[in-house]
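Asks: Compact mmCIF, C-alpha atoms, saved as start_25.txt, coming up:
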# COMPACT_ATOMS: atom_id res chain seq x y z
CA MET J 11 -46.70 -6.97 10.75
CA ARG J 12 -43.70 -4.84 11.60
CA ILE J 13 -40.88 -4.63 9.02
CA TYR J 14 -37.29 -4.87 10.28
CA SER J 15 -34.09 -3.65 8.60
CA PHE J 16 -30.61 -5.16 8.63
CA ASP J 17 -27.06 -4.37 7.62
CA TYR J 18 -23.84 -6.34 7.28
CA SER J 19 -20.15 -5.49 7.04
CA CYS J 20 -16.60 -6.67 7.57
CA LEU J 21 -15.47 -6.22 11.16
CA ILE J 22 -12.27 -4.61 9.79
CA SER J 23 -13.46 -2.57 6.83
CA THR J 24 -10.02 -2.28 5.20
CA ILE J 25 -9.84 -6.08 4.79
CA CYS J 26 -12.79 -6.13 2.37
CA SER J 27 -12.23 -4.03 -0.75
CA SER J 28 -15.31 -3.11 -2.77
CA ILE J 29 -15.26 -4.33 -6.38
CA SER J 30 -18.86 -3.38 -7.10
CA SER J 31 -22.02 -2.61 -5.14
CA ASN J 32 -22.59 -6.32 -4.50
CA LEU J 33 -19.11 -7.84 -4.57
CA TYR J 34 -16.09 -7.49 -2.29
CA SER J 35 -12.50 -8.70 -2.53
CA ILE J 36 -10.48 -10.28 0.27
CA ASN J 37 -6.93 -11.60 0.25
CA ARG J 38 -6.63 -15.36 0.59
CA ASN J 39 -4.32 -15.27 3.63
CA THR J 40 -6.65 -13.06 5.70
CA GLN J 41 -8.97 -13.90 8.57
CA LEU J 42 -12.51 -12.78 7.81
CA THR J 43 -15.13 -11.66 10.33
CA LEU J 44 -18.55 -10.61 9.07
CA ILE J 45 -21.05 -8.81 11.26
CA SER J 46 -24.79 -8.60 10.62
CA THR J 47 -26.82 -6.06 12.56
CA CYS J 48 -30.57 -5.90 13.09
CA PHE J 49 -32.06 -2.43 13.62
CA ASP J 50 -35.46 -1.23 14.84
CA ASP J 51 -35.38 -2.92 18.28
CA CYS J 52 -35.27 -6.50 17.04
CA ALA J 53 -36.87 -9.05 19.34
CA ASN J 54 -34.65 -10.77 21.86
CA ASP J 55 -35.83 -14.20 20.77
CA LEU J 56 -34.77 -13.82 17.14
CA GLN J 57 -32.98 -16.76 15.50
CA ILE J 58 -29.88 -16.25 13.35
CA THR J 59 -28.50 -18.67 10.77
CA TRP J 60 -25.48 -18.31 8.48
CA GLU J 61 -25.16 -20.33 5.28
CA ILE J 62 -22.08 -20.52 3.06
CA TYR J 63 -22.13 -20.97 -0.72
CA GLN J 64 -19.48 -21.52 -3.40
CA GLY J 65 -19.84 -19.78 -6.75
CA ASP J 66 -18.56 -20.29 -10.27
CA GLY J 67 -18.41 -16.62 -11.22
CA GLN J 68 -21.30 -17.05 -13.63
CA GLY J 69 -24.12 -16.60 -11.13
CA SER J 70 -24.44 -20.24 -10.03
CA TRP J 71 -24.11 -20.97 -6.28
CA ASN J 72 -23.78 -24.32 -4.47
CA LYS J 73 -24.25 -24.66 -0.72
CA PHE J 74 -21.08 -25.47 1.21
CA ASN J 75 -21.97 -28.48 3.35
CA SER J 76 -18.64 -29.40 4.96
CA ILE J 77 -18.59 -29.62 8.75
CA LEU J 78 -17.23 -26.42 10.29
CA SER J 79 -16.14 -25.85 13.87
CA ILE J 80 -17.57 -22.34 13.86
CA ASP J 81 -20.74 -20.77 15.23
CA LEU J 82 -23.33 -20.37 12.47
CA ASN J 83 -25.99 -18.99 14.80
CA SER J 84 -24.53 -15.72 16.08
CA PRO J 85 -24.59 -12.15 14.70
CA SER J 86 -20.97 -12.54 13.57
CA LEU J 87 -19.22 -15.13 11.44
CA THR J 88 -15.46 -15.68 11.67
CA LEU J 89 -13.40 -17.72 9.22
CA THR J 90 -9.67 -18.13 9.77
CA LYS J 91 -7.23 -17.65 6.91
CA GLU J 92 -6.75 -21.43 6.84
CA PHE J 93 -10.35 -21.80 5.68
CA PHE J 94 -9.71 -20.20 2.29
CA ASP J 95 -6.34 -21.93 1.90
CA ASP J 96 -7.65 -25.41 2.71
CA ASP J 97 -6.94 -28.02 0.00
CA ASN J 98 -10.67 -28.41 -0.62
CA ASN J 99 -11.32 -24.67 -0.82
CA LYS J 100 -8.27 -23.06 -2.41
CA GLN J 101 -9.63 -23.53 -5.94
CA ILE J 102 -12.81 -21.64 -5.06
CA VAL J 103 -12.68 -17.97 -6.04
CA TYR J 104 -16.25 -16.84 -5.29
CA TRP J 105 -18.00 -17.20 -1.92
CA ARG J 106 -21.42 -16.12 -0.68
CA PHE J 107 -22.33 -15.72 2.99
CA LEU J 108 -26.07 -15.61 3.61
CA VAL J 109 -27.39 -14.57 7.01
CA THR J 110 -31.07 -15.16 7.85
CA TYR J 111 -32.99 -13.68 10.77
CA LEU J 112 -36.19 -15.38 11.91
CA ILE J 113 -38.36 -12.81 13.71
CA GLU J 114 -42.04 -13.25 14.50
CA SER J 115 -42.28 -16.19 12.06
CA LYS J 116 -40.85 -14.12 9.20
CA ASN J 117 -37.44 -14.56 7.55
CA TYR J 118 -35.17 -11.63 6.70
CA SER J 119 -31.99 -12.36 4.71
CA ASN J 120 -28.83 -10.56 3.61
CA LYS J 121 -26.04 -11.86 1.41
CA PHE J 122 -22.38 -10.91 1.31
CA ASP J 123 -20.48 -11.96 -1.84
CA LEU J 124 -16.69 -12.26 -1.86
CA LYS J 125 -14.04 -12.81 -4.49
CA ILE J 126 -10.77 -14.31 -3.24
CA ASN J 127 -7.82 -12.19 -4.30
CA ASP J 128 -4.70 -14.24 -5.02
CA GLN J 129 -1.17 -12.91 -4.80
CA PRO J 130 0.89 -11.70 -7.75
CA HIS J 131 2.78 -14.61 -9.31
CA GLY J 132 4.98 -15.82 -12.15
CA GLY J 133 7.72 -13.19 -11.92
CA SER J 134 11.24 -12.77 -10.61
CA CYS J 135 13.63 -10.03 -9.45
CA THR J 136 17.40 -9.55 -9.69
CA ILE J 137 19.90 -7.15 -8.12
CA HIS J 138 23.29 -5.95 -9.36
CA PRO J 139 26.06 -5.62 -8.26
CA LEU J 140 26.32 -8.13 -5.40
CA ASN J 141 28.69 -6.04 -3.27
CA GLY J 142 29.49 -2.39 -2.67
CA THR J 143 29.47 0.51 -0.21
CA VAL J 144 26.90 3.12 0.86
CA ASP J 145 27.86 5.08 -2.26
CA THR J 146 27.17 2.17 -4.61
CA THR J 147 24.03 2.36 -6.75
CA PHE J 148 22.32 -1.04 -6.72
CA THR J 149 19.89 -1.75 -9.55
CA ILE J 150 16.89 -4.01 -8.91
CA ASN J 151 14.92 -5.35 -11.88
CA CYS J 152 11.56 -7.13 -11.46
CA SER J 153 9.80 -8.66 -14.44
CA ASN J 154 6.92 -10.91 -15.55
CA TRP J 155 4.76 -10.47 -12.44
CA ILE J 156 1.13 -11.33 -13.20
CA ASP J 157 -2.03 -10.37 -11.34
CA ASP J 158 -5.59 -10.12 -12.66
CA ASP J 159 -6.14 -6.95 -10.64
CA GLY J 160 -2.91 -5.29 -11.74
CA ILE J 161 0.31 -4.60 -9.82
CA LYS J 162 -0.05 -1.65 -7.44
CA ASP J 163 3.56 -1.17 -6.36
CA TYR J 164 6.90 -2.71 -5.46
CA SER J 165 8.55 -2.18 -2.04
CA PHE J 166 12.19 -3.03 -1.45
CA TYR J 167 13.59 -3.92 1.99
CA GLY J 168 17.00 -4.67 3.47
CA LEU J 169 17.54 -7.09 6.35
CA TYR J 170 20.82 -6.89 8.24
CA THR J 171 22.28 -10.10 9.64
CA LYS J 172 22.69 -8.50 13.05
CA ASP J 173 18.91 -8.30 13.39
CA PRO J 174 17.23 -10.43 10.72
CA THR J 175 13.73 -9.50 11.94
CA LYS J 176 14.27 -5.78 11.41
CA ALA J 177 13.56 -4.62 7.87
CA VAL J 178 14.87 -1.32 6.53
CA ILE J 179 12.78 0.09 3.69
CA LEU J 180 14.94 1.00 0.71
CA ASN J 181 12.36 2.20 -1.80
CA SER J 182 8.71 1.93 -2.78
CA THR J 183 7.62 2.59 -6.35
CA ILE J 184 5.08 1.76 -9.03
CA ASP J 185 7.98 0.94 -11.34
CA SER J 186 9.23 -2.64 -11.52
CA ASN J 187 12.83 -1.43 -11.74
CA CYS J 188 14.59 0.89 -9.33
CA GLU J 189 17.95 2.05 -8.04
CA VAL J 190 18.72 2.00 -4.31
CA HIS J 191 21.54 2.84 -1.93
CA LEU J 192 21.99 0.59 1.08
CA PRO J 193 22.07 2.17 4.56
CA ALA J 194 25.39 2.12 6.34
CA SER J 195 26.09 -0.57 8.90
CA THR J 196 28.04 -0.18 12.12
CA ASP J 197 30.17 -3.14 11.00
CA ALA J 198 32.98 -2.79 8.47
CA GLU J 199 31.51 -5.72 6.52
CA THR J 200 28.00 -7.11 6.69
CA TYR J 201 25.61 -9.10 4.51
CA VAL J 202 22.34 -7.39 3.69
CA HIS J 203 19.45 -9.65 2.67
CA ILE J 204 17.24 -7.92 0.10
CA HIS J 205 13.60 -8.81 -0.40
CA VAL J 206 10.80 -7.32 -2.47
CA HIS J 207 7.08 -7.00 -1.73
CA ILE J 208 5.02 -7.12 -4.92
CA ARG J 209 1.53 -5.77 -4.12
CA ASP J 210 -1.60 -5.85 -6.24
CA ARG J 211 -4.44 -3.31 -6.39
CA PHE J 212 -6.27 -4.97 -3.48
CA ASN J 213 -3.11 -5.19 -1.31
CA SER J 214 -2.33 -8.88 -1.70
CA ILE J 215 1.46 -9.27 -1.36
CA THR J 216 4.03 -11.71 -2.66
CA GLU J 217 7.45 -11.60 -1.00
CA TYR J 218 10.45 -12.35 -3.20
CA ASN J 219 13.94 -12.90 -1.75
CA LEU J 220 16.96 -11.63 -3.66
CA SER J 221 20.63 -12.51 -3.34
CA SER J 222 22.41 -11.21 -0.25
CA ILE J 223 24.63 -8.17 -0.74
CA LEU J 224 28.04 -7.78 0.89
CA LEU J 225 28.16 -4.20 2.19
CA PHE J 226 31.41 -2.45 3.12
CA THR J 227 31.20 0.53 5.48
CA ASN J 228 34.03 2.98 6.15
CA LEU J 229 33.57 3.36 9.90
CA SER J 230 35.87 6.39 9.99
CA ILE J 231 33.21 8.45 8.19
CA LEU J 232 30.17 6.99 9.99
CA SER J 233 29.58 10.25 11.86
CA THR J 234 29.52 12.14 8.56
CA ILE J 235 27.03 9.63 7.13
CA ILE J 236 24.74 10.21 10.12
CA ASP J 237 24.97 14.00 9.77
CA ASP J 238 24.18 13.79 6.05
CA LEU J 239 21.15 11.57 6.69
CA GLU J 240 19.83 13.92 9.37
CA SER J 241 20.18 16.93 7.07
CA SER J 242 18.43 15.10 4.23
CA ILE J 243 15.48 14.22 6.48
CA LEU J 244 15.05 17.70 7.92
CA GLU J 245 15.05 19.17 4.41
CA ASN J 246 12.51 16.67 3.08
CA ASP J 247 8.71 16.74 3.43
CA ASN J 248 7.94 13.76 1.20
CA PRO J 249 6.62 11.02 3.55
CA GLU J 250 7.95 8.15 1.42
CA ASN J 251 11.44 9.65 1.12
CA VAL J 252 11.50 10.49 4.81
CA GLU J 253 10.49 6.93 5.73
CA GLN J 254 13.43 5.48 3.83
CA LEU J 255 15.90 7.95 5.34
CA VAL J 256 14.57 7.54 8.90
CA SER J 257 14.75 3.78 8.54
CA SER J 258 18.40 4.10 7.57
CA ILE J 259 19.45 6.47 10.35
CA SER J 260 17.45 4.60 13.00
CA ASN J 261 19.24 1.39 12.06
CA ILE J 262 22.61 3.07 12.65
CA LEU J 263 21.63 4.92 15.84
CA ASN J 264 20.12 1.81 17.45
CA ASP J 265 23.14 -0.32 16.56
CA LEU J 266 25.49 2.31 18.01
CA HIS J 267 23.38 2.49 21.16
CA GLU J 268 23.55 -1.29 21.62
CA GLN J 269 27.32 -1.22 21.21
CA GLN J 270 27.64 1.59 23.76
CA MET J 271 25.48 -0.28 26.26
CA GLU J 272 27.60 -3.38 25.84
CA LYS J 273 30.74 -1.35 26.55
CA LEU J 274 29.25 0.34 29.61
CA GLY J 275 27.36 -2.60 31.03
CA GLN J 276 24.89 -0.28 32.73
CA SER J 277 21.83 1.90 32.09
CA ILE J 278 22.17 5.51 31.09
CA SER J 279 19.46 8.10 30.71
CA VAL J 280 19.52 11.41 28.91
CA SER J 281 17.22 14.23 30.04
CA SER J 282 16.51 17.63 28.62
CA LEU J 283 17.38 20.62 30.77
CA ASN J 284 15.85 24.04 30.98
CA GLU J 285 17.41 26.74 28.84
CA ARG J 286 21.14 26.98 29.33
CA ASN J 287 23.54 29.77 28.45
CA SER J 288 25.30 27.57 25.92
CA LEU J 289 23.57 25.87 23.00
CA ASN J 290 26.05 23.02 23.39
CA GLU J 291 24.62 22.27 26.83
CA THR J 292 21.03 21.57 25.85
CA PHE J 293 21.34 18.01 27.16
CA GLU J 294 22.74 16.48 30.28
CA THR J 295 23.70 12.85 30.70
CA ILE J 296 22.89 11.41 34.11
CA VAL J 297 25.67 8.90 34.58
CA SER J 298 28.25 7.89 37.11
CA ASP J 299 31.59 9.68 37.11
CA ASP J 300 33.47 6.76 35.56
CA ILE J 301 31.61 6.90 32.21
CA PRO J 302 34.05 7.82 29.45
CA ALA J 303 33.46 11.35 28.23
CA GLU J 304 33.67 10.22 24.59
CA ILE J 305 30.73 7.83 24.94
CA GLU J 306 28.79 10.41 26.93
CA GLN J 307 29.17 12.97 24.15
CA GLN J 308 28.18 10.40 21.52
CA MET J 309 24.99 9.62 23.39
CA ILE J 310 24.16 13.29 23.84
CA LYS J 311 24.56 13.83 20.10
CA GLN J 312 22.44 10.76 19.32
CA ALA J 313 19.72 11.98 21.69
CA SER J 314 19.77 15.37 19.98
CA ILE J 315 19.39 13.74 16.55
CA ARG J 316 16.45 11.63 17.76
CA GLU J 317 14.71 14.71 19.13
CA ASN J 318 15.23 16.72 15.94
CA LEU J 319 13.83 13.91 13.80
CA VAL J 320 10.83 13.24 16.06
CA MET J 321 9.93 16.94 15.97
CA HIS J 322 10.19 16.88 12.18
CA LEU J 323 7.95 13.81 11.91
CA MET J 324 5.33 15.46 14.11
CA ASN J 325 4.96 18.16 11.46
CA LEU J 326 4.60 15.82 8.49
CA SER J 327 1.12 15.57 6.98
CA VAL J 328 -0.69 12.23 7.09
CA SER J 329 -2.89 11.71 4.04
CA SER J 330 -3.55 7.96 4.08
CA LEU J 331 -3.59 4.86 6.25
CA ASP J 332 -0.27 3.81 4.70
CA ASN J 333 1.25 7.15 5.72
CA LEU J 334 -0.04 6.75 9.27
CA THR J 335 1.30 3.20 9.53
CA SER J 336 4.74 4.14 8.23
CA GLN J 337 4.92 7.22 10.47
CA SER J 338 4.07 5.10 13.50
CA ALA J 339 6.86 2.68 12.55
CA MET J 340 9.32 5.59 12.21
CA PHE J 341 8.45 6.89 15.68
CA SER J 342 8.91 3.39 17.07
CA ASP J 343 12.35 3.05 15.49
CA LEU J 344 13.53 6.48 16.64
CA THR J 345 12.40 5.98 20.24
CA GLN J 346 13.60 2.39 20.58
CA ALA J 347 16.51 3.35 22.85
CA THR J 348 14.41 4.68 25.73
CA ASN J 349 17.41 5.74 27.80
CA GLU J 350 18.65 7.88 24.93
CA LEU J 351 15.61 10.14 24.71
CA THR J 352 15.43 13.72 25.81
CA SER J 353 12.50 14.67 28.02
CA LYS J 354 10.87 16.46 25.07
CA THR J 355 11.18 13.33 22.91
CA SER J 356 9.79 11.21 25.73
CA VAL J 357 6.75 13.46 26.10
CA TYR J 358 6.00 13.36 22.37
CA SER J 359 6.57 9.58 22.15
CA LYS J 360 3.89 9.03 24.81
CA THR J 361 1.34 10.92 22.73
CA ILE J 362 1.91 8.80 19.62
What would you get if you wrote out this structure as structure tokens?
Replies:
Amino acid sequence: MRIYSFDYSCLISTICSSISSNLYSINRNTQLTLISTCFDDCANDLQITWEIYQGDGQGSWNKFNSILSIDLNSPSLTLTKEFFDDDNNKQIVYWRFLVTYLIESKNYSNKFDLKINDQPHGGSCTIHPLNGTVDTTFTINCSNWIDDDGIKDYSFYGLYTKDPTKAVILNSTIDSNCEVHLPASTDAETYVHIHVHIRDRFNSITEYNLSSILLFTNLSILSTIIDDLESSILENDNPENVEQLVSSISNILNDLHEQQMEKLGQSISVSSLNERNSLNETFETIVSDDIPAEIEQQMIKQASIRENLVMHLMNLSVSSLDNLTSQSAMFSDLTQATNELTSKTSVYSKTI
């Protein structure tokens, strides 16, 4: 009788973290899809059956017999994140998924064992002072966070009331305490909502909300703040530092762009020209004659800054998936104002 071979895996490999050769970890609030593959030209009439077991961590397994509205007879098995968080299942830490192939009257089985990874818990974070300017050093202290797998890092974000869905990364560190400076706002006064992501070794995250900070911005020096941020980015090759700085300057540039569009009430595009005799004429704004020259020059400068930063990001090394994800987010932020991109920036943004 012919012998067949099989393999199994997570559909998205990064979701399942290997603990040992026979045990994987998955975060509780994650959808799981397992795929089992039969090699060696398996027969078309093979029968597939999935069985689910609950474990006690001591090697004892009990079959899970609850009625499920999922297909248990296909090469893949998908369980939504609600499955693991169900009231009847949330106390279960260990799960086994057994897939059996029936081929030519012979059974072939594979098992996939999972440990549910819970989020860090039990701690708190504080921030001081509760108001200040872009020059103020804010101190964030996090303490008493507990996780069986150990805390991997802490990431600190600022949310501005003007766009509560847009987070600006302030810092990311393995230390539970850090000092941050808040990015400037285009408003003289604004509340910044601070929240912290506490992440364990297997990337399960708890989000903790801190008190809102009242931020004062001296709008008369906003241009200087932008220039300083640009210089800091262009002189920095550390991906984490660059991410924080780009997040800050993008927040300002995009807010300024929105304000300019509201004043103009029309679309404007900026395109790169061929070489000109003057370095100050690298860009040309295609607008109607009644556009104020001051706004036109502001947009040309902002387009130049975006191009410089995009070119710098293109040269940064990418050493991990986290780096790639953050770099993609930075490109997205810098190219958000599509009618404020030079032709060079536009070309590069399409290749990202």
Asks: Return the single residue from J:Leu323, J:Thr227, J:Asn187, J:Glu304 that is closest to J:Ile243, with distances computed using only C-alpha atoms.
Replies: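 The shortest atom-to-atom distance to J:Ile243 comes from J:Leu323.
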Asks: Figure out the distance between atom CA of J:Gln41 and atom CA of J:Ile156, please, to one decimal in Å.
Replies: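 Calculated distance between atom CA of J:Ile156 and atom CA of J:Gln41 is 24.1 Å.
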Asks: Suppose you want the space between atom CA of J:Asn246 and atom CA of J:Asn264; what is it in Å?
Replies: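 That distance, rounded to one decimal, is 22.0 Å.
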Asks: Considering only C-alpha atoms, can you say which of J:Asn228, J:Pro193, J:Asp237, J:Ile150 comes closest to J:His205?
Replies: J:Ile150
Asks: Need to verify the contact set: J:Ala177, 7 Å, all atoms listed in the file, exclusion of same-chain residues closer than 6 positions in sequence. Can you return it as a list in words?
Replies: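 Result of the neighbour search: Tyr167, Gly168 and Leu169 of chain J.
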Asks: Which residues are close to stretch 25-40 of chain J, i.e. within 8 Å by only C-alpha atoms, leaving aside same-chain residues fewer than 2 positions away? Reply as a short mmCIF file (atom, residue, chain, number, x, y, z; two decimals) with C-alpha atoms, keeping the file's coordinate frame.
Replies:
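Written output follows (part-v9.cif):
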data_model
loop_
_atom_site.label_atom_id
_atom_site.label_comp_id
_atom_site.auth_asym_id
_atom_site.auth_seq_id
_atom_site.Cartn_x
_atom_site.Cartn_y
_atom_site.Cartn_z
CA CYS J 20 -16.60 -6.67 7.57
CA ILE J 22 -12.27 -4.61 9.79
CA SER J 23 -13.46 -2.57 6.83
CA LEU J 42 -12.51 -12.78 7.81
CA THR J 90 -9.67 -18.13 9.77
CA LYS J 91 -7.23 -17.65 6.91
CA GLU J 92 -6.75 -21.43 6.84
CA PHE J 94 -9.71 -20.20 2.29
CA ASP J 95 -6.34 -21.93 1.90
CA PHE J 122 -22.38 -10.91 1.31
CA ASP J 123 -20.48 -11.96 -1.84
CA LEU J 124 -16.69 -12.26 -1.86
CA LYS J 125 -14.04 -12.81 -4.49
CA ILE J 126 -10.77 -14.31 -3.24
CA ASN J 127 -7.82 -12.19 -4.30
CA ASP J 128 -4.70 -14.24 -5.02
CA GLN J 129 -1.17 -12.91 -4.80
CA PHE J 212 -6.27 -4.97 -3.48
CA ASN J 213 -3.11 -5.19 -1.31
CA SER J 214 -2.33 -8.88 -1.70
#
Asks: List the neighbours of J:Asn120 out to 12 Å using all atoms listed in the file; skip same-chain residues closer than 6 positions along the sequence, and give me the result as a count of residues only.
Replies: 22
Asks: Given the choices J:Thr200, J:Ser330, J:Gln270, J:Ser79, which gets closest to J:Glu350 if the distance is worked out from only C-alpha atoms?
Replies: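 With only C-alpha atoms as the atom set, the closest residue is J:Gln270.
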Asks: Rounded to one decimal place, report the atom CA of J:Gln64-atom CA of J:Tyr104 distance in Å.
Replies: 6.0 Å
Asks: Restricting the calculation to all atoms listed in the file, which member of J:Tyr170, J:Ser327, J:Leu274, J:Val252 is positioned closest to J:Pro302?
Replies: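 The closest residue to J:Pro302 is J:Leu274.
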Asks: Excluding J:Thr196 and its own-chain neighbours fewer than 3 positions away, which residues fall within 8 Å of it when counting only C-alpha atoms? Please give them as a list in words.
Replies: Thr227, Leu229, Leu232, Ile262, Asp265 and Leu266 of chain J
Asks: Name the closest residue to J:Tyr358 among the candidates J:Ala339, J:Met324, J:Val206, J:Ile62; distances are taken between atoms, counting all atoms listed in the file.
Replies: J:Met324
Asks: Name the residues in contact with J:Ser336 at a cut-off of 10 Å, using only C-alpha atoms, excluding same-chain residues fewer than 3 positions from it; report them as a PDB file with C-alpha atoms, in the frame of the given file.
Replies:
ATOM      1  CA  PRO J 249       6.620  11.020   3.550  1.00  0.00           C
ATOM      2  CA  GLU J 250       7.950   8.150   1.420  1.00  0.00           C
ATOM      3  CA  VAL J 252      11.500  10.490   4.810  1.00  0.00           C
ATOM      4  CA  GLU J 253      10.490   6.930   5.730  1.00  0.00           C
ATOM      5  CA  GLN J 254      13.430   5.480   3.830  1.00  0.00           C
ATOM      6  CA  VAL J 328      -0.690  12.230   7.090  1.00  0.00           C
ATOM      7  CA  LEU J 331      -3.590   4.860   6.250  1.00  0.00           C
ATOM      8  CA  ASP J 332      -0.270   3.810   4.700  1.00  0.00           C
ATOM      9  CA  ASN J 333       1.250   7.150   5.720  1.00  0.00           C
ATOM     10  CA  ALA J 339       6.860   2.680  12.550  1.00  0.00           C
ATOM     11  CA  MET J 340       9.320   5.590  12.210  1.00  0.00           C
ATOM     12  CA  PHE J 341       8.450   6.890  15.680  1.00  0.00           C
ATOM     13  CA  SER J 342       8.910   3.390  17.070  1.00  0.00           C
TER      14      SER J 342
END
Asks: Taking into account all atoms listed in the file, which residue in the set J:Ala347, J:Ile305, J:Leu89, J:Asn151 is nearest to J:Leu220?
Replies: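 The shortest atom-to-atom distance to J:Leu220 comes from J:Asn151.
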Asks: Taking (23.5, 11.6, 18.8) in the file's own coordinates, collect the residues within 10 Å, counting only C-alpha atoms, and hand them back as a PyMOL selection string.
Replies: chain J and resi 233+236-237+263+266-267+306-317+350-351
Asks: Give as a list in words the set of residues within 12 Å of the point (-12.8, -25.3, -3.3), where distances use the file's coordinates and only C-alpha atoms.
Replies: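 Residues with an atom close enough to that point: Tyr63, Gln64, Gly65, Asp66, Asn72, Lys73, Phe74, Asn75, Ser76, Phe93, Phe94, Asp95, Asp96, Asp97, Asn98, Asn99, Lys100, Gln101, Ile102, Val103, Tyr104, Trp105 and Ile126 of chain J.
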Asks: Could you write out the selected residues, including C-alpha atoms, as a PDB file, in the coordinates of the input?
Replies:
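Contents of result-v6.pdb, freshly written:
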ATOM      1  CA  TYR J  63     -22.130 -20.970  -0.720  1.00  0.00           C
ATOM      2  CA  GLN J  64     -19.480 -21.520  -3.400  1.00  0.00           C
ATOM      3  CA  GLY J  65     -19.840 -19.780  -6.750  1.00  0.00           C
ATOM      4  CA  ASP J  66     -18.560 -20.290 -10.270  1.00  0.00           C
ATOM      5  CA  ASN J  72     -23.780 -24.320  -4.470  1.00  0.00           C
ATOM      6  CA  LYS J  73     -24.250 -24.660  -0.720  1.00  0.00           C
ATOM      7  CA  PHE J  74     -21.080 -25.470   1.210  1.00  0.00           C
ATOM      8  CA  ASN J  75     -21.970 -28.480   3.350  1.00  0.00           C
ATOM      9  CA  SER J  76     -18.640 -29.400   4.960  1.00  0.00           C
ATOM     10  CA  PHE J  93     -10.350 -21.800   5.680  1.00  0.00           C
ATOM     11  CA  PHE J  94      -9.710 -20.200   2.290  1.00  0.00           C
ATOM     12  CA  ASP J  95      -6.340 -21.930   1.900  1.00  0.00           C
ATOM     13  CA  ASP J  96      -7.650 -25.410   2.710  1.00  0.00           C
ATOM     14  CA  ASP J  97      -6.940 -28.020   0.000  1.00  0.00           C
ATOM     15  CA  ASN J  98     -10.670 -28.410  -0.620  1.00  0.00           C
ATOM     16  CA  ASN J  99     -11.320 -24.670  -0.820  1.00  0.00           C
ATOM     17  CA  LYS J 100      -8.270 -23.060  -2.410  1.00  0.00           C
ATOM     18  CA  GLN J 101      -9.630 -23.530  -5.940  1.00  0.00           C
ATOM     19  CA  ILE J 102     -12.810 -21.640  -5.060  1.00  0.00           C
ATOM     20  CA  VAL J 103     -12.680 -17.970  -6.040  1.00  0.00           C
ATOM     21  CA  TYR J 104     -16.250 -16.840  -5.290  1.00  0.00           C
ATOM     22  CA  TRP J 105     -18.000 -17.200  -1.920  1.00  0.00           C
ATOM     23  CA  ILE J 126     -10.770 -14.310  -3.240  1.00  0.00           C
TER      24      ILE J 126
END
